[in-house]
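Trainee: File name protein_35.cif; file contents mmCIF, C-alpha atoms; full text below.
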```cif
data_model
loop_
_atom_site.label_atom_id
_atom_site.label_comp_id
_atom_site.auth_asym_id
_atom_site.auth_seq_id
_atom_site.Cartn_x
_atom_site.Cartn_y
_atom_site.Cartn_z
CA GLY N 300 114.16 47.57 54.51
CA ASN N 301 111.80 47.56 51.56
CA SER N 302 113.02 49.27 48.41
CA VAL N 303 112.61 49.31 44.66
CA THR N 304 115.44 50.05 42.25
CA GLN N 305 114.91 50.74 38.58
CA MET N 306 117.21 51.81 35.82
CA GLU N 307 117.73 55.50 35.47
CA GLY N 308 116.67 57.28 32.37
CA PRO N 309 116.11 58.93 30.19
CA VAL N 310 115.75 56.16 27.68
CA THR N 311 115.46 57.39 24.10
CA LEU N 312 114.25 55.02 21.44
CA SER N 313 113.05 55.05 17.88
CA GLU N 314 109.52 53.94 17.07
CA GLU N 315 109.15 50.16 16.80
CA ALA N 316 112.25 49.54 18.91
CA PHE N 317 112.33 47.05 21.78
CA LEU N 318 112.05 48.51 25.26
CA THR N 319 113.31 47.02 28.51
CA ILE N 320 113.24 48.78 31.86
CA ASN N 321 114.92 46.87 34.65
CA CYS N 322 113.41 46.77 38.13
CA THR N 323 114.59 44.92 41.22
CA TYR N 324 113.16 44.98 44.70
CA THR N 325 114.00 44.11 48.26
CA ALA N 326 111.24 43.02 50.57
CA THR N 327 110.39 40.35 53.06
CA GLY N 328 107.72 37.93 52.07
CA TYR N 329 105.87 38.09 48.79
CA PRO N 330 104.87 41.59 47.80
CA SER N 331 102.60 42.39 44.88
CA LEU N 332 104.53 44.11 42.09
CA PHE N 333 103.36 46.89 39.83
CA TRP N 334 104.28 49.08 36.93
CA TYR N 335 102.64 52.50 36.87
CA VAL N 336 102.88 54.95 33.98
CA GLN N 337 102.72 58.73 34.09
CA TYR N 338 102.02 60.40 30.77
CA PRO N 339 103.01 64.05 30.37
CA GLY N 340 100.75 66.28 32.42
CA GLU N 341 98.74 63.41 33.85
CA GLY N 342 98.55 61.38 37.04
CA LEU N 343 99.83 57.87 37.57
CA GLN N 344 97.94 55.03 35.95
CA LEU N 345 98.28 51.36 36.70
CA LEU N 346 99.91 49.68 33.71
CA LEU N 347 100.16 46.09 34.94
CA LYS N 348 100.64 44.02 38.05
CA ALA N 349 101.64 40.59 39.29
CA THR N 350 100.79 39.17 42.66
CA LYS N 351 102.89 36.02 42.97
CA ALA N 352 106.04 34.39 41.70
CA ASP N 353 106.10 33.56 37.96
CA ASP N 354 102.98 35.61 37.33
CA LYS N 355 103.14 37.66 34.15
CA GLY N 356 101.35 40.99 34.01
CA SER N 357 100.50 42.41 30.60
CA ASN N 358 98.70 45.41 29.17
CA LYS N 359 98.93 47.58 26.03
CA GLY N 360 101.72 45.38 24.67
CA PHE N 361 103.80 45.69 27.82
CA GLU N 362 104.78 42.64 29.87
CA ALA N 363 106.57 41.97 33.12
CA THR N 364 107.20 38.67 34.91
CA TYR N 365 107.50 38.33 38.69
CA ARG N 366 110.87 36.63 39.22
CA LYS N 367 111.30 35.73 42.85
CA GLU N 368 114.68 34.09 42.37
CA THR N 369 116.17 37.30 41.02
CA THR N 370 113.77 39.64 42.86
CA SER N 371 113.04 41.36 39.59
CA PHE N 372 110.06 42.63 37.62
CA HIS N 373 111.51 43.96 34.37
CA LEU N 374 109.16 45.76 31.99
CA GLU N 375 109.31 44.94 28.26
CA LYS N 376 107.57 45.97 25.08
CA GLY N 377 108.45 44.56 21.72
CA SER N 378 107.62 47.56 19.55
CA VAL N 379 107.19 50.97 21.13
CA GLN N 380 105.15 53.85 19.77
CA VAL N 381 105.55 57.58 20.16
CA SER N 382 102.51 57.47 22.45
CA ASP N 383 104.49 55.31 24.90
CA SER N 384 106.61 58.31 25.81
CA ALA N 385 106.09 58.66 29.55
CA VAL N 386 107.65 58.05 32.93
CA TYR N 387 107.40 54.48 34.17
CA PHE N 388 107.45 53.58 37.85
CA CYS N 389 108.05 50.16 39.32
CA ALA N 390 106.48 49.59 42.73
CA HIS N 391 105.77 46.95 45.30
CA PHE N 392 103.00 46.64 47.82
CA LYS N 393 103.13 45.08 51.24
CA ALA N 394 99.84 44.32 52.90
CA ALA N 395 101.37 45.05 56.27
CA GLY N 396 101.20 48.81 56.39
CA ASN N 397 99.17 48.94 53.19
CA LYS N 398 101.88 50.91 51.42
CA LEU N 399 103.25 51.21 47.93
CA THR N 400 106.99 51.71 47.59
CA PHE N 401 108.08 53.26 44.32
CA GLY N 402 111.27 53.12 42.34
CA GLY N 403 112.82 56.31 41.08
CA GLY N 404 111.01 56.31 37.76
CA THR N 405 112.38 55.94 34.24
CA ARG N 406 111.61 58.52 31.61
CA VAL N 407 111.11 57.03 28.15
CA LEU N 408 111.12 59.12 25.01
CA VAL N 409 110.11 57.49 21.74
CA LYS N 410 111.01 59.39 18.60
CA PRO N 411 109.24 58.90 15.27
CA GLY W 133 87.63 52.02 36.72
CA ALA W 134 87.63 54.02 39.89
CA VAL W 135 88.29 57.75 39.61
CA VAL W 136 90.10 60.00 42.02
CA SER W 137 90.03 63.75 41.50
CA GLN W 138 92.10 66.53 42.97
CA HIS W 139 91.41 70.22 43.25
CA PRO W 140 92.96 72.53 42.38
CA SER W 141 95.22 71.20 39.65
CA ARG W 142 97.56 74.17 40.01
CA VAL W 143 97.96 76.78 42.71
CA ILE W 144 100.36 79.65 43.14
CA CYS W 145 100.55 81.32 46.51
CA LYS W 146 102.66 83.77 48.43
CA SER W 147 105.09 82.65 51.09
CA GLY W 148 103.44 82.44 54.50
CA THR W 149 99.96 81.64 53.28
CA SER W 150 98.15 78.31 53.63
CA VAL W 151 96.89 76.20 50.77
CA LYS W 152 94.26 73.49 50.86
CA ILE W 153 94.24 70.62 48.38
CA GLU W 154 91.23 68.35 48.03
CA CYS W 155 91.23 64.71 47.05
CA ARG W 156 87.95 63.02 46.18
CA SER W 157 87.00 59.49 45.29
CA LEU W 158 84.25 59.99 42.72
CA ASP W 159 82.58 56.64 42.40
CA PHE W 160 83.70 54.66 45.40
CA GLN W 161 84.23 55.07 49.12
CA ALA W 162 87.71 55.36 50.52
CA THR W 163 88.28 54.89 54.22
CA THR W 164 91.97 55.36 53.54
CA MET W 165 93.74 57.75 51.21
CA PHE W 166 97.42 58.39 50.69
CA TRP W 167 99.23 61.65 50.10
CA TYR W 168 102.46 61.70 48.11
CA ARG W 169 104.90 64.37 47.13
CA GLN W 170 106.80 64.24 43.87
CA PHE W 171 109.85 66.38 43.20
CA PRO W 172 110.83 67.22 39.62
CA LYS W 173 112.14 64.15 37.82
CA LYS W 174 111.98 62.18 41.05
CA SER W 175 109.85 59.40 42.42
CA LEU W 176 106.85 59.68 44.68
CA MET W 177 107.47 60.03 48.37
CA LEU W 178 104.69 58.90 50.68
CA MET W 179 103.91 61.69 53.10
CA ALA W 180 101.00 60.35 55.11
CA THR W 181 98.08 57.98 55.26
CA SER W 182 94.72 59.67 55.70
CA ASN W 183 92.16 57.70 57.71
CA GLU W 184 88.48 58.53 57.74
CA GLY W 185 87.31 59.22 61.26
CA SER W 186 90.75 59.18 62.85
CA LYS W 187 94.10 60.91 62.79
CA ALA W 188 96.39 60.68 59.82
CA THR W 189 99.56 58.63 60.04
CA TYR W 190 102.63 60.55 58.94
CA GLU W 191 105.83 59.12 57.52
CA GLN W 192 109.09 59.78 59.25
CA GLY W 193 110.39 63.25 58.59
CA VAL W 194 107.04 64.74 57.55
CA GLU W 195 105.88 67.57 59.79
CA LYS W 196 102.29 66.94 60.79
CA ASP W 197 101.79 70.55 61.88
CA LYS W 198 103.00 71.70 58.49
CA PHE W 199 100.94 69.33 56.42
CA LEU W 200 97.49 69.07 57.99
CA ILE W 201 95.35 66.21 56.80
CA ASN W 202 91.62 65.90 57.37
CA HIS W 203 89.61 62.94 56.11
CA ALA W 204 86.19 64.49 56.44
CA SER W 205 84.11 61.80 54.77
CA LEU W 206 84.36 58.51 52.94
CA THR W 207 84.99 60.37 49.69
CA LEU W 208 87.06 63.39 50.70
CA SER W 209 90.49 63.98 52.16
CA THR W 210 92.18 67.37 52.34
CA LEU W 211 95.83 68.32 52.67
CA THR W 212 96.55 71.81 53.95
CA VAL W 213 100.05 73.16 53.56
CA THR W 214 100.33 75.69 56.35
CA SER W 215 102.57 78.76 56.22
CA ALA W 216 103.90 77.65 52.87
CA HIS W 217 107.45 78.45 51.83
CA PRO W 218 109.21 78.11 48.47
CA GLU W 219 110.70 74.77 49.50
CA ASP W 220 107.15 73.41 49.76
CA SER W 221 106.74 73.90 46.03
CA SER W 222 106.11 70.47 44.59
CA PHE W 223 103.64 68.16 42.92
CA TYR W 224 101.23 66.66 45.46
CA ILE W 225 99.39 63.48 44.56
CA CYS W 226 96.73 61.55 46.40
CA SER W 227 95.59 57.99 45.94
CA ALA W 228 92.94 55.66 47.25
CA PRO W 229 93.01 51.87 47.34
CA ASP W 230 90.51 49.64 45.64
CA ARG W 231 88.81 48.01 48.60
CA VAL W 232 86.41 45.90 46.62
CA LEU W 233 88.28 43.99 43.95
CA PHE W 234 92.01 44.38 44.40
CA THR W 235 93.02 45.72 47.76
CA ASP W 236 96.63 46.11 46.66
CA THR W 237 95.75 48.43 43.78
CA GLN W 238 95.64 52.18 44.22
CA TYR W 239 93.95 54.79 42.07
CA PHE W 240 95.79 58.05 41.76
CA GLY W 241 94.54 61.56 41.41
CA PRO W 242 95.96 63.76 38.64
CA GLY W 243 98.05 65.76 41.10
CA THR W 244 98.24 69.36 42.26
CA ARG W 245 101.19 71.52 41.38
CA LEU W 246 101.94 73.96 44.16
CA THR W 247 104.21 76.93 43.54
CA VAL W 248 105.10 79.11 46.49
CA LEU W 249 106.54 82.48 45.59
#
```
Kindly transcribe the structure held in the file into structure tokens.

Mentor:
Amino acid sequence: GNSVTQMEGPVTLSEEAFLTINCTYTATGYPSLFWYVQYPGEGLQLLLKATKADDKGSNKGFEATYRKETTSFHLEKGSVQVSDSAVYFCAHFKAAGNKLTFGGGTRVLVKP
Amino acid sequence: GAVVSQHPSRVICKSGTSVKIECRSLDFQATTMFWYRQFPKKSLMLMATSNEGSKATYEQGVEKDKFLINHASLTLSTLTVTSAHPEDSSFYICSAPDRVLFTDTQYFGPGTRLTVL
């Protein structure tokens, strides 16, 4: 079946450190892939997306590349800030059924 | 961007009572809305798909008589937790897809935290 697996947190980093959050998926066909972010006390916000193989999504210094050969969509940021502290969710979307499937979420804490 | 609101943001109720949660699309029409449940430090679990003008579609294991969904208009869906019990305490989130530009993108409400005493 369809599923999304992402690394468990929490991930604790110092400011300006490099962040990677791994995400792999299983799905038939070619789903759209997403990273959503949930800041403390707020709802989910779309961070970035990619809709086909080799596409790179980017936003706010974050990047993720749709790798079909490894079925992965790892999130990276070169230099994190305290304001990046949040929970990050990887997800994929299949048009059939019109549903988003989420990974378990990764809590990131950036310390000054 | 599109905005989805939820009301209330927090609700505390006694066991056995019913609670209604509203989800509104503020600046766009949504023929479909989704209801999720999020447990502490866990991911979102899709509960049901709310369809304007027709019955909601529930995910496996979700009791439709427990979680009543009504999609009254193109901008409003409601989730009613009937005869709530402490195990229903959770964070409930709704979302609506962007039908105009990116049909695979969903806009999420800020969530409603339900506490059943």

Trainee: Any chance you could resolve the PyMOL selection byres ((chain W and resi 172) around 8) against this file and give the residues as an mmCIF file with C-alpha atoms, in the frame of the given file?

Mentor:
```
data_model
loop_
_atom_site.group_PDB
_atom_site.id
_atom_site.type_symbol
_atom_site.label_atom_id
_atom_site.label_comp_id
_atom_site.auth_asym_id
_atom_site.auth_seq_id
_atom_site.Cartn_x
_atom_site.Cartn_y
_atom_site.Cartn_z
ATOM 1 C CA GLN W 170 106.800 64.240 43.870
ATOM 2 C CA PHE W 171 109.850 66.380 43.200
ATOM 3 C CA LYS W 173 112.140 64.150 37.820
ATOM 4 C CA LYS W 174 111.980 62.180 41.050
ATOM 5 C CA SER W 222 106.110 70.470 44.590
ATOM 6 C CA PHE W 223 103.640 68.160 42.920
#
```

Trainee: Using all atoms listed in the file, select each residue of chain N with any atom at most 6 Å away from an atom of chain W, and give the selection as a list in words.

Mentor: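 So the residues of chain N near chain W are Glu341, Gly342, Leu343, Gly403 and Gly404 of chain N.
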
Trainee: Write out as a PDB file with C-alpha atoms, in the coordinates of the input which residues come within 10 Å of Ile320 (chain N) when counting all atoms listed in the file, dropping same-chain ones fewer than 4 positions away.

Mentor:
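Contents of the output file around39.pdb:
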```pdb
ATOM      1  CA  GLN N 305     114.910  50.740  38.580  1.00  0.00           C
ATOM      2  CA  MET N 306     117.210  51.810  35.820  1.00  0.00           C
ATOM      3  CA  GLU N 307     117.730  55.500  35.470  1.00  0.00           C
ATOM      4  CA  GLY N 308     116.670  57.280  32.370  1.00  0.00           C
ATOM      5  CA  VAL N 310     115.750  56.160  27.680  1.00  0.00           C
ATOM      6  CA  ALA N 363     106.570  41.970  33.120  1.00  0.00           C
ATOM      7  CA  PHE N 372     110.060  42.630  37.620  1.00  0.00           C
ATOM      8  CA  HIS N 373     111.510  43.960  34.370  1.00  0.00           C
ATOM      9  CA  LEU N 374     109.160  45.760  31.990  1.00  0.00           C
ATOM     10  CA  GLU N 375     109.310  44.940  28.260  1.00  0.00           C
ATOM     11  CA  LYS N 376     107.570  45.970  25.080  1.00  0.00           C
ATOM     12  CA  TYR N 387     107.400  54.480  34.170  1.00  0.00           C
ATOM     13  CA  PHE N 388     107.450  53.580  37.850  1.00  0.00           C
ATOM     14  CA  CYS N 389     108.050  50.160  39.320  1.00  0.00           C
ATOM     15  CA  GLY N 404     111.010  56.310  37.760  1.00  0.00           C
ATOM     16  CA  THR N 405     112.380  55.940  34.240  1.00  0.00           C
ATOM     17  CA  ARG N 406     111.610  58.520  31.610  1.00  0.00           C
ATOM     18  CA  VAL N 407     111.110  57.030  28.150  1.00  0.00           C
TER      19      VAL N 407
END
```

Trainee: Any chance you could resolve the PyMOL selection byres ((chain N and resi 354-361) around 12) against this file and give the residues as a VMD selection string?

Mentor: chain N and resid 315 317 to 320 331 to 336 344 to 353 362 to 367 371 to 380 382 to 383 387

Trainee: Could you tell me how far CA of Met179 (chain W) lies from CA of Pro309 (chain N), in Å and to one decimal?

Mentor: 26.1 Å

Trainee: Given all atoms listed in the file as the basis, pick out the residue of N:Thr370, N:Ser384, N:Thr311, N:Ser302 nearest to Pro339 (chain N).

Mentor: N:Ser384

Trainee: Take CA of Gly185 (chain W) and CA of Leu200 (chain W) and report the distance between them in Å, one decimal.

Mentor: 14.5 Å

Trainee: So the first atom is CA of Ser313 (chain N) and the second is CA of Gln337 (chain N); what is the distance between them in Å, to one decimal place?

Mentor: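 Separating CA of Ser313 (chain N) from CA of Gln337 (chain N) is a distance of 19.6 Å.
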
Trainee: At a cut-off of 9 Å, using all atoms listed in the file, what residues contact Val381 (chain N)? Leave out same-chain residues fewer than 6 positions from it and give the result as a PyMOL selection string.

Mentor: chain N and resi 313-315+408-411
